[in-house]
Amino acid sequence: MSKHQEWKMLHLLYTYARRTGSGDRRVLTEQELTSAGVHCDPDSRQVLEDAGVVTRIGNEYELSEPARKILSTFTVAQGPKDSIDIRVDYPEVFVVMPFNQPWSDDVFSKMFKPGIEDAGFAVSRGDSIVRVGDLSTNVWLSITQAGLIVAEVSVPNPNVYYEIGLADALGKSVFLFKQESVTLPADFSGEHYYNYDLNDLTAGRVNLGVCRTYRLALNHA
């Protein structure tokens, strides 16, 4: 069974399984799963059964209670790479920002990087990570491994918005920064953000104290 087929089977069982008889079991039959597009033989489905995710009785399938609880509580998805755990509260910051602006390198090297390191975090951004595949895979890996995200949103940038969306979907803490003279688009106008002066990046480092606060909260969690 492909990863897509496994995920589809879980989704169908979680969303559309019906109660059977007078008990609490919620099931779909093998025929119903096949009709819904889960085309695989029993040996392939055995992967989910062996893992205790799915239970089969006769020709009926149901989710295990732990699997149902996870799906009802968390955003769960298969990433581009196998065996990559999504870190939580890890002391590393991934900086999301445009690379092609005349101020990009100065803002990163004089404000973000030293401010984040002063707070006790490792720091990286998209153009500094080791390439292990296509760009989207590298970005995904970086966001999953970082404990929090710092994003610069002073200019409209599809890549920046995409990466913020990924981080938000994964439940990562995202701190937004913009230059003082910039008016944010409607997508971000209601969000909390931190202003900085492009002509005084040293002073702007003070705002990265938010990372220090986050680190202290992490240490006392």
# chains A, B, ... in the order shown; residues from 1 in each chain; ligands from 1

$ closest_atom_pairs --of "range 104-170 of chain A" --to "range 175-179 of chain A" --cutoff "12 Å" --atoms "only C-alpha atoms" --output "JSON lines"
{"residue": "A:Ser104", "atom": "CA", "partner": "A:Gln179", "partner_atom": "CA", "distance": 11.8}
{"residue": "A:Val107", "atom": "CA", "partner": "A:Gln179", "partner_atom": "CA", "distance": 10.2}
{"residue": "A:Phe108", "atom": "CA", "partner": "A:Phe177", "partner_atom": "CA", "distance": 11.7}
{"residue": "A:Met111", "atom": "CA", "partner": "A:Phe177", "partner_atom": "CA", "distance": 11.1}
{"residue": "A:Phe112", "atom": "CA", "partner": "A:Phe177", "partner_atom": "CA", "distance": 9.9}
{"residue": "A:Ile116", "atom": "CA", "partner": "A:Phe175", "partner_atom": "CA", "distance": 11.9}
{"residue": "A:Gly147", "atom": "CA", "partner": "A:Phe175", "partner_atom": "CA", "distance": 11.8}
{"residue": "A:Leu148", "atom": "CA", "partner": "A:Phe175", "partner_atom": "CA", "distance": 8.0}
{"residue": "A:Ile149", "atom": "CA", "partner": "A:Phe175", "partner_atom": "CA", "distance": 6.3}
{"residue": "A:Val150", "atom": "CA", "partner": "A:Phe175", "partner_atom": "CA", "distance": 4.9}
{"residue": "A:Ala151", "atom": "CA", "partner": "A:Leu176", "partner_atom": "CA", "distance": 4.9}
{"residue": "A:Glu152", "atom": "CA", "partner": "A:Phe177", "partner_atom": "CA", "distance": 4.8}
{"residue": "A:Val153", "atom": "CA", "partner": "A:Lys178", "partner_atom": "CA", "distance": 5.5}
{"residue": "A:Ser154", "atom": "CA", "partner": "A:Lys178", "partner_atom": "CA", "distance": 4.7}
{"residue": "A:Val155", "atom": "CA", "partner": "A:Lys178", "partner_atom": "CA", "distance": 8.5}
{"residue": "A:Pro156", "atom": "CA", "partner": "A:Lys178", "partner_atom": "CA", "distance": 11.2}
{"residue": "A:Val160", "atom": "CA", "partner": "A:Leu176", "partner_atom": "CA", "distance": 11.0}
{"residue": "A:Tyr161", "atom": "CA", "partner": "A:Leu176", "partner_atom": "CA", "distance": 11.2}
{"residue": "A:Ile164", "atom": "CA", "partner": "A:Leu176", "partner_atom": "CA", "distance": 9.4}
{"residue": "A:Ala167", "atom": "CA", "partner": "A:Phe175", "partner_atom": "CA", "distance": 10.8}
{"residue": "A:Asp168", "atom": "CA", "partner": "A:Phe175", "partner_atom": "CA", "distance": 10.7}

$ write_last_selection --atoms "N, CA and C atoms" --output "mmCIF file, in the first residue's frame"
data_model
loop_
_atom_site.group_PDB
_atom_site.id
_atom_site.type_symbol
_atom_site.label_atom_id
_atom_site.label_comp_id
_atom_site.auth_asym_id
_atom_site.auth_seq_id
_atom_site.Cartn_x
_atom_site.Cartn_y
_atom_site.Cartn_z
ATOM 1 N N SER A 104 18.431 42.425 2.527
ATOM 2 C CA SER A 104 18.261 41.088 3.102
ATOM 3 C C SER A 104 19.459 40.626 3.920
ATOM 4 N N VAL A 107 19.995 42.622 7.208
ATOM 5 C CA VAL A 107 18.991 42.343 8.231
ATOM 6 C C VAL A 107 19.260 40.987 8.882
ATOM 7 N N PHE A 108 19.644 40.013 8.062
ATOM 8 C CA PHE A 108 19.924 38.690 8.629
ATOM 9 C C PHE A 108 21.204 38.705 9.464
ATOM 10 N N MET A 111 21.009 41.713 12.433
ATOM 11 C CA MET A 111 19.905 41.762 13.391
ATOM 12 C C MET A 111 19.427 40.361 13.772
ATOM 13 N N PHE A 112 18.916 39.602 12.810
ATOM 14 C CA PHE A 112 18.349 38.305 13.136
ATOM 15 C C PHE A 112 19.371 37.339 13.726
ATOM 16 N N ILE A 116 19.194 36.255 17.627
ATOM 17 C CA ILE A 116 18.730 34.893 17.918
ATOM 18 C C ILE A 116 19.794 34.107 18.670
ATOM 19 N N GLY A 147 12.508 24.821 16.369
ATOM 20 C CA GLY A 147 11.571 24.972 17.471
ATOM 21 C C GLY A 147 10.631 26.139 17.264
ATOM 22 N N LEU A 148 11.107 27.184 16.583
ATOM 23 C CA LEU A 148 10.251 28.311 16.274
ATOM 24 C C LEU A 148 10.728 28.973 14.986
ATOM 25 N N ILE A 149 9.865 29.833 14.447
ATOM 26 C CA ILE A 149 10.111 30.473 13.157
ATOM 27 C C ILE A 149 10.089 31.983 13.339
ATOM 28 N N VAL A 150 11.073 32.658 12.744
ATOM 29 C CA VAL A 150 11.087 34.117 12.664
ATOM 30 C C VAL A 150 10.904 34.484 11.195
ATOM 31 N N ALA A 151 9.922 35.336 10.897
ATOM 32 C CA ALA A 151 9.612 35.657 9.509
ATOM 33 C C ALA A 151 9.652 37.162 9.269
ATOM 34 N N GLU A 152 10.286 37.569 8.166
ATOM 35 C CA GLU A 152 10.346 38.963 7.746
ATOM 36 C C GLU A 152 9.305 39.149 6.639
ATOM 37 N N VAL A 153 8.321 40.045 6.872
ATOM 38 C CA VAL A 153 7.199 40.173 5.946
ATOM 39 C C VAL A 153 7.059 41.588 5.385
ATOM 40 N N SER A 154 8.168 42.310 5.272
ATOM 41 C CA SER A 154 8.104 43.697 4.813
ATOM 42 C C SER A 154 7.717 43.821 3.342
ATOM 43 N N VAL A 155 8.011 42.822 2.531
ATOM 44 C CA VAL A 155 7.642 42.861 1.121
ATOM 45 C C VAL A 155 6.800 41.633 0.794
ATOM 46 N N PRO A 156 5.819 41.759 -0.106
ATOM 47 C CA PRO A 156 5.033 40.591 -0.512
ATOM 48 C C PRO A 156 5.945 39.574 -1.187
ATOM 49 N N VAL A 160 7.826 33.345 1.115
ATOM 50 C CA VAL A 160 7.718 33.662 2.535
ATOM 51 C C VAL A 160 6.327 33.293 3.055
ATOM 52 N N TYR A 161 5.290 33.661 2.307
ATOM 53 C CA TYR A 161 3.926 33.339 2.734
ATOM 54 C C TYR A 161 3.702 31.821 2.787
ATOM 55 N N ILE A 164 5.462 30.445 5.906
ATOM 56 C CA ILE A 164 4.703 30.792 7.110
ATOM 57 C C ILE A 164 3.482 29.889 7.227
ATOM 58 N N ALA A 167 4.549 26.471 8.488
ATOM 59 C CA ALA A 167 4.869 26.533 9.916
ATOM 60 C C ALA A 167 3.598 26.621 10.758
ATOM 61 N N ASP A 168 2.656 27.445 10.316
ATOM 62 C CA ASP A 168 1.412 27.604 11.060
ATOM 63 C C ASP A 168 0.628 26.295 11.081
#

$ residues_around --residues "range 203-209 of chain A" --least-positions-apart "6" --cutoff "9 Å" --atoms "only C-alpha atoms" --output "number ranges by chain"
A: 110-116, 118-119, 177, 194-197

$ select_by_dssp --residues "range 30-133 of chain A" --states "strand (DSSP E or B)" --output "VMD selection string"
chain A and resid 54 to 57 60 to 63 92 to 96 122 to 125

$ write_last_selection --atoms "N, CA and C atoms" --output "tab-separated table (two decimals), in the first residue's frame"
chain	number	residue	atom	x	y	z
A	54	VAL	N	-4.97	0.07	12.64
A	54	VAL	CA	-6.25	-0.39	12.10
A	54	VAL	C	-6.53	-1.79	12.62
A	55	THR	N	-7.78	-2.05	12.93
A	55	THR	CA	-8.21	-3.39	13.35
A	55	THR	C	-9.19	-3.94	12.31
A	56	ARG	N	-9.03	-5.22	11.99
A	56	ARG	CA	-9.95	-5.86	11.05
A	56	ARG	C	-10.66	-7.01	11.74
A	57	ILE	N	-11.97	-7.05	11.59
A	57	ILE	CA	-12.78	-8.18	12.05
A	57	ILE	C	-13.64	-8.61	10.86
A	60	GLU	N	-14.58	-6.11	7.93
A	60	GLU	CA	-14.77	-4.76	8.43
A	60	GLU	C	-13.48	-4.21	9.03
A	61	TYR	N	-13.23	-2.92	8.80
A	61	TYR	CA	-12.05	-2.25	9.33
A	61	TYR	C	-12.48	-1.10	10.23
A	62	GLU	N	-11.70	-0.88	11.30
A	62	GLU	CA	-11.93	0.28	12.16
A	62	GLU	C	-10.61	0.80	12.67
A	63	LEU	N	-10.57	2.07	13.04
A	63	LEU	CA	-9.39	2.66	13.64
A	63	LEU	C	-9.26	2.22	15.08
A	92	GLU	N	16.26	25.84	18.08
A	92	GLU	CA	16.75	26.24	16.77
A	92	GLU	C	15.69	27.10	16.10
A	93	VAL	N	16.13	28.19	15.47
A	93	VAL	CA	15.23	29.11	14.79
A	93	VAL	C	15.49	29.04	13.29
A	94	PHE	N	14.42	28.91	12.52
A	94	PHE	CA	14.52	28.99	11.07
A	94	PHE	C	13.97	30.36	10.66
A	95	VAL	N	14.79	31.13	9.95
A	95	VAL	CA	14.41	32.48	9.53
A	95	VAL	C	13.82	32.42	8.13
A	96	VAL	N	12.60	32.89	8.01
A	96	VAL	CA	11.90	32.96	6.73
A	96	VAL	C	11.94	34.40	6.25
A	122	ALA	N	20.32	28.15	17.96
A	122	ALA	CA	20.98	28.03	16.66
A	122	ALA	C	20.07	28.69	15.64
A	123	VAL	N	20.63	29.14	14.51
A	123	VAL	CA	19.84	29.88	13.54
A	123	VAL	C	20.23	29.49	12.11
A	124	SER	N	19.24	29.42	11.24
A	124	SER	CA	19.50	29.14	9.83
A	124	SER	C	18.43	29.81	8.99
A	125	ARG	N	18.71	29.95	7.70
A	125	ARG	CA	17.69	30.40	6.77
A	125	ARG	C	17.82	29.58	5.49

$ atom_distance --atom1 "CA of Ser64 in chain A" --atom2 "CA of Gly52 in chain A"
6.8 Å

$ closest_residue --among "A:Gly171, A:Trp140, A:Leu10, A:Phe99" --to "Asp127 in chain A" --atoms "only C-alpha atoms"
A:Phe99

$ closest_residue --among "A:Tyr162, A:Asn157, A:Leu33, A:Gln46" --to "Asn100 in chain A" --atoms "only C-alpha atoms"
A:Asn157
